[in-house]
$ cat query-v2.cif   # mmCIF, C-alpha atoms
data_run
loop_
_atom_site.group_PDB
_atom_site.id
_atom_site.type_symbol
_atom_site.label_atom_id
_atom_site.label_comp_id
_atom_site.auth_asym_id
_atom_site.auth_seq_id
_atom_site.Cartn_x
_atom_site.Cartn_y
_atom_site.Cartn_z
ATOM 1 C CA MET A 5 14.790 17.427 45.051
ATOM 2 C CA LYS A 6 14.346 14.621 42.571
ATOM 3 C CA PHE A 7 11.373 12.583 41.449
ATOM 4 C CA GLU A 8 10.597 9.403 43.341
ATOM 5 C CA HIS A 9 7.404 8.404 41.543
ATOM 6 C CA PHE A 10 4.392 9.513 39.539
ATOM 7 C CA ALA A 11 1.067 7.876 40.478
ATOM 8 C CA LEU A 12 -1.940 6.849 38.387
ATOM 9 C CA ASN A 13 -5.237 5.835 39.989
ATOM 10 C CA VAL A 14 -6.665 3.396 37.430
ATOM 11 C CA SER A 15 -9.563 0.967 37.149
ATOM 12 C CA ASN A 16 -7.516 -2.208 36.516
ATOM 13 C CA PRO A 17 -4.109 -1.840 38.175
ATOM 14 C CA LYS A 18 -3.244 -5.541 38.240
ATOM 15 C CA ALA A 19 -3.589 -6.023 34.477
ATOM 16 C CA MET A 20 -2.035 -2.654 33.704
ATOM 17 C CA SER A 21 1.038 -3.254 35.864
ATOM 18 C CA LEU A 22 1.567 -6.679 34.283
ATOM 19 C CA TRP A 23 1.388 -5.102 30.783
ATOM 20 C CA TYR A 24 3.884 -2.414 31.789
ATOM 21 C CA GLU A 25 6.223 -5.047 33.220
ATOM 22 C CA GLU A 26 6.017 -7.287 30.170
ATOM 23 C CA HIS A 27 5.953 -4.723 27.375
ATOM 24 C CA LEU A 28 7.747 -1.645 28.765
ATOM 25 C CA GLY A 29 10.320 -3.555 30.794
ATOM 26 C CA LEU A 30 9.480 -1.797 34.052
ATOM 27 C CA LYS A 31 10.592 -3.623 37.189
ATOM 28 C CA VAL A 32 8.459 -4.182 40.291
ATOM 29 C CA LYS A 33 9.828 -2.512 43.404
ATOM 30 C CA LYS A 34 6.741 -3.154 45.543
ATOM 31 C CA LYS A 35 3.421 -4.875 44.800
ATOM 32 C CA MET A 36 0.330 -5.341 46.963
ATOM 33 C CA ALA A 37 -1.830 -8.409 46.282
ATOM 34 C CA ASP A 38 -4.839 -6.802 47.992
ATOM 35 C CA PRO A 39 -6.773 -3.567 47.327
ATOM 36 C CA PRO A 40 -5.752 -0.943 46.366
ATOM 37 C CA TYR A 41 -3.308 -3.206 44.438
ATOM 38 C CA MET A 42 -0.587 -0.579 44.723
ATOM 39 C CA THR A 43 2.356 -1.407 42.472
ATOM 40 C CA PHE A 44 5.565 0.601 42.170
ATOM 41 C CA LEU A 45 7.360 0.062 38.858
ATOM 42 C CA ALA A 46 10.888 1.380 38.235
ATOM 43 C CA ASP A 47 12.453 2.276 34.914
ATOM 44 C CA ASP A 48 15.755 0.690 33.896
ATOM 45 C CA SER A 49 17.724 3.461 35.618
ATOM 46 C CA GLY A 50 16.162 2.415 38.925
ATOM 47 C CA THR A 51 15.811 6.092 39.872
ATOM 48 C CA VAL A 52 12.217 6.879 38.831
ATOM 49 C CA MET A 53 9.044 4.926 39.555
ATOM 50 C CA LEU A 54 5.474 4.812 38.339
ATOM 51 C CA GLU A 55 2.840 3.857 40.902
ATOM 52 C CA ILE A 56 -0.300 2.160 39.595
ATOM 53 C CA TYR A 57 -3.186 1.521 41.976
ATOM 54 C CA SER A 58 -6.972 1.644 42.363
ATOM 55 C CA ASN A 59 -8.129 3.680 45.328
ATOM 56 C CA PRO A 60 -11.857 4.552 45.470
ATOM 57 C CA LYS A 61 -11.033 7.602 47.630
ATOM 58 C CA GLY A 62 -9.614 9.319 44.527
ATOM 59 C CA GLU A 63 -10.864 10.059 41.054
ATOM 60 C CA THR A 64 -10.084 7.614 38.268
ATOM 61 C CA LEU A 65 -9.499 9.576 35.075
ATOM 62 C CA GLU A 66 -10.856 8.417 31.741
ATOM 63 C CA PHE A 67 -7.478 8.583 30.022
ATOM 64 C CA SER A 68 -8.956 7.627 26.643
ATOM 65 C CA LYS A 69 -10.922 10.902 26.672
ATOM 66 C CA LEU A 70 -7.901 13.091 27.463
ATOM 67 C CA HIS A 71 -5.833 14.705 24.733
ATOM 68 C CA PRO A 72 -2.327 13.174 24.606
ATOM 69 C CA LEU A 73 -0.829 16.566 25.445
ATOM 70 C CA ALA A 74 -2.886 16.726 28.676
ATOM 71 C CA VAL A 75 -1.251 13.621 30.208
ATOM 72 C CA HIS A 76 1.307 11.212 28.809
ATOM 73 C CA LEU A 77 4.219 9.106 30.013
ATOM 74 C CA ALA A 78 7.352 9.794 27.965
ATOM 75 C CA LEU A 79 9.847 6.953 27.587
ATOM 76 C CA VAL A 80 13.292 6.958 25.990
ATOM 77 C CA SER A 81 13.348 4.624 22.985
ATOM 78 C CA GLU A 82 16.369 3.741 20.877
ATOM 79 C CA ASP A 83 14.033 2.333 18.191
ATOM 80 C CA PRO A 84 10.660 4.141 18.208
ATOM 81 C CA ALA A 85 9.445 2.409 15.023
ATOM 82 C CA GLY A 86 10.304 -1.052 16.337
ATOM 83 C CA ASP A 87 8.910 -0.327 19.786
ATOM 84 C CA LYS A 88 5.731 1.086 18.220
ATOM 85 C CA ALA A 89 5.197 -2.094 16.198
ATOM 86 C CA ARG A 90 5.862 -4.317 19.216
ATOM 87 C CA LEU A 91 3.574 -2.339 21.543
ATOM 88 C CA CYS A 92 0.766 -2.092 18.970
ATOM 89 C CA ALA A 93 0.941 -5.879 18.541
ATOM 90 C CA ALA A 94 0.464 -6.075 22.338
ATOM 91 C CA GLY A 95 -2.663 -3.891 22.319
ATOM 92 C CA ALA A 96 -1.448 -0.286 22.159
ATOM 93 C CA VAL A 97 -2.912 2.068 19.538
ATOM 94 C CA GLU A 98 -0.901 4.561 17.483
ATOM 95 C CA ILE A 99 -1.853 8.233 17.725
ATOM 96 C CA SER A 100 1.041 9.907 15.921
ATOM 97 C CA ASP A 101 4.547 9.337 14.578
ATOM 98 C CA ASP A 102 6.560 12.519 14.144
ATOM 99 C CA PHE A 103 10.055 13.472 13.085
ATOM 100 C CA LEU A 104 11.009 16.908 14.396
ATOM 101 C CA PRO A 105 13.196 19.392 12.522
ATOM 102 C CA ASP A 106 16.084 18.710 14.947
ATOM 103 C CA GLY A 107 16.036 14.988 14.003
ATOM 104 C CA SER A 108 14.155 13.749 17.063
ATOM 105 C CA HIS A 109 11.635 10.938 16.560
ATOM 106 C CA LEU A 110 8.503 11.009 18.755
ATOM 107 C CA VAL A 111 5.776 8.371 18.653
ATOM 108 C CA MET A 112 2.547 8.728 20.631
ATOM 109 C CA LEU A 113 0.519 5.629 21.538
ATOM 110 C CA ARG A 114 -2.340 4.748 23.879
ATOM 111 C CA ASP A 115 -1.867 1.688 26.055
ATOM 112 C CA PRO A 116 -4.806 -0.761 26.294
ATOM 113 C CA TRP A 117 -6.306 1.400 29.113
ATOM 114 C CA GLY A 118 -6.067 4.675 27.191
ATOM 115 C CA VAL A 119 -2.994 6.113 28.926
ATOM 116 C CA CYS A 120 -0.784 7.903 26.401
ATOM 117 C CA LEU A 121 2.786 6.714 26.029
ATOM 118 C CA GLN A 122 5.291 8.827 24.125
ATOM 119 C CA LEU A 123 8.329 7.030 22.718
ATOM 120 C CA CYS A 124 11.191 9.522 22.460
ATOM 121 C CA LYS A 125 14.391 9.284 20.492
ATOM 122 C CA ARG A 126 15.878 12.737 20.926
ATOM 123 C CA ALA A 127 18.479 14.052 18.511
ATOM 124 C CA VAL A 128 20.166 15.502 21.600
ATOM 125 C CA PRO A 129 19.316 13.479 24.740
ATOM 126 C CA MET A 130 17.668 15.573 27.438
ATOM 127 C CA LEU A 131 18.711 13.361 30.373
ATOM 128 C CA ASP A 132 22.214 12.681 31.613
ATOM 129 C CA GLN A 133 23.552 9.495 30.068
ATOM 130 C CA PRO A 134 25.058 6.781 32.293
ATOM 131 C CA LYS A 135 28.848 6.770 32.339
#
$ encode --input "query-v2.cif" --output "C-alpha cells"
Amino acid sequence: MKFEHFALNVSNPKAMSLWYEEHLGLKVKKKMADPPYMTFLADDSGTVMLEIYSNPKGETLEFSKLHPLAVHLALVSEDPAGDKARLCAAGAVEISDDFLPDGSHLVMLRDPWGVCLQLCKRAVPMLDQPK
C-alpha cells in the first residue's frame, strides 16, 4: 500500500488551500466550489496529496493549541532558512529552527491557521530520489 492523501477538516478551507497553493507550491488535483469545499492538493512528486475541507459532520481541531509533535506536515526543503523567511513573510510563525547532530536542518512553523509545518533538509534523504 502507499499513501494517497492525508485529510484535514479545517474552519477555512478555501483560504487555506489558496495559501498552500501559493506558498507551498502544492497543485490542485480536485477542488469543490461548494461546501464542504473539498480540495485535494498534490506535492511536486504528484504521488501524495493533502485534502483540505470543512465538513460539520467531523471535528475541527484547534491546531494552534496542539503541540507541534502531536500533528505536523513535514515538507522537504532544499533551503529551510530561505523557505522559513518567505513563509513567515506570508503569515507563518516560527516555532523552532534546529540543526541535528547528523547535519539535518529542521524548521518548525505554524501556518496562518495554526497547522504546524516542518521544513526538512535531511543530511541523508529519507525518501527515494527521482532518477
$ residues_around --input "query-v2.cif" --residues "Lys125 (chain A)" --least-positions-apart "5" --cutoff "9 Å" --atoms "only C-alpha atoms" --output "PDB file with C-alpha atoms, in the frame of the given file"
ATOM      1  CA  LEU A  79       9.847   6.953  27.587  1.00  0.00           C
ATOM      2  CA  VAL A  80      13.292   6.958  25.990  1.00  0.00           C
ATOM      3  CA  SER A  81      13.348   4.624  22.985  1.00  0.00           C
ATOM      4  CA  GLU A  82      16.369   3.741  20.877  1.00  0.00           C
ATOM      5  CA  ASP A  83      14.033   2.333  18.191  1.00  0.00           C
ATOM      6  CA  PRO A  84      10.660   4.141  18.208  1.00  0.00           C
ATOM      7  CA  GLY A 107      16.036  14.988  14.003  1.00  0.00           C
ATOM      8  CA  SER A 108      14.155  13.749  17.063  1.00  0.00           C
ATOM      9  CA  HIS A 109      11.635  10.938  16.560  1.00  0.00           C
ATOM     10  CA  LEU A 110       8.503  11.009  18.755  1.00  0.00           C
ATOM     11  CA  VAL A 111       5.776   8.371  18.653  1.00  0.00           C
TER      12      VAL A 111
END
$ atom_distance --input "query-v2.cif" --atom1 "CA of Phe44 (chain A)" --atom2 "CA of Asp101 (chain A)"
29.0 Å
$ closest_residue --input "query-v2.cif" --among "A:Ala78, A:Val52, A:Val97, A:Cys124" --to "Lys6 (chain A)" --atoms "all atoms listed in the file"
A:Val52
$ atom_distance --input "query-v2.cif" --atom1 "CA of His71 (chain A)" --atom2 "CA of Gly95 (chain A)"
19.0 Å
$ atom_distance --input "query-v2.cif" --atom1 "CA of Pro72 (chain A)" --atom2 "CA of Pro40 (chain A)"
26.2 Å
$ decode --input "query-v2.cif" --residues "region 64-97 of chain A" --atoms "C-alpha atoms" --output "mmCIF file, in the first residue's frame"
data_model
loop_
_atom_site.group_PDB
_atom_site.id
_atom_site.type_symbol
_atom_site.label_atom_id
_atom_site.label_comp_id
_atom_site.auth_asym_id
_atom_site.auth_seq_id
_atom_site.Cartn_x
_atom_site.Cartn_y
_atom_site.Cartn_z
ATOM 1 C CA THR A 64 -12.367 20.617 13.529
ATOM 2 C CA LEU A 65 -9.186 20.580 15.595
ATOM 3 C CA GLU A 66 -7.750 23.734 17.109
ATOM 4 C CA PHE A 67 -4.316 23.204 15.585
ATOM 5 C CA SER A 68 -2.880 26.274 17.324
ATOM 6 C CA LYS A 69 -3.450 24.536 20.677
ATOM 7 C CA LEU A 70 -1.717 21.293 19.665
ATOM 8 C CA HIS A 71 1.963 20.702 20.324
ATOM 9 C CA PRO A 72 3.924 20.575 17.039
ATOM 10 C CA LEU A 73 4.921 16.984 17.789
ATOM 11 C CA ALA A 74 1.233 15.961 18.022
ATOM 12 C CA VAL A 75 0.454 16.880 14.388
ATOM 13 C CA HIS A 76 2.605 18.452 11.704
ATOM 14 C CA LEU A 77 3.073 18.291 7.946
ATOM 15 C CA ALA A 78 6.710 17.633 7.041
ATOM 16 C CA LEU A 79 7.962 19.021 3.733
ATOM 17 C CA VAL A 80 11.312 18.524 2.015
ATOM 18 C CA SER A 81 13.136 21.849 1.711
ATOM 19 C CA GLU A 82 16.425 22.459 -0.066
ATOM 20 C CA ASP A 83 16.712 25.838 1.707
ATOM 21 C CA PRO A 84 14.974 25.762 5.115
ATOM 22 C CA ALA A 85 16.268 29.218 6.119
ATOM 23 C CA GLY A 86 15.097 30.821 2.878
ATOM 24 C CA ASP A 87 11.773 28.999 2.925
ATOM 25 C CA LYS A 88 11.270 29.978 6.578
ATOM 26 C CA ALA A 89 11.811 33.658 5.767
ATOM 27 C CA ARG A 90 9.486 33.502 2.756
ATOM 28 C CA LEU A 91 6.712 31.665 4.626
ATOM 29 C CA CYS A 92 6.961 33.913 7.699
ATOM 30 C CA ALA A 93 6.613 36.943 5.406
ATOM 31 C CA ALA A 94 3.408 35.283 4.121
ATOM 32 C CA GLY A 95 1.928 34.846 7.609
ATOM 33 C CA ALA A 96 3.547 31.726 9.074
ATOM 34 C CA VAL A 97 5.101 31.883 12.554
#
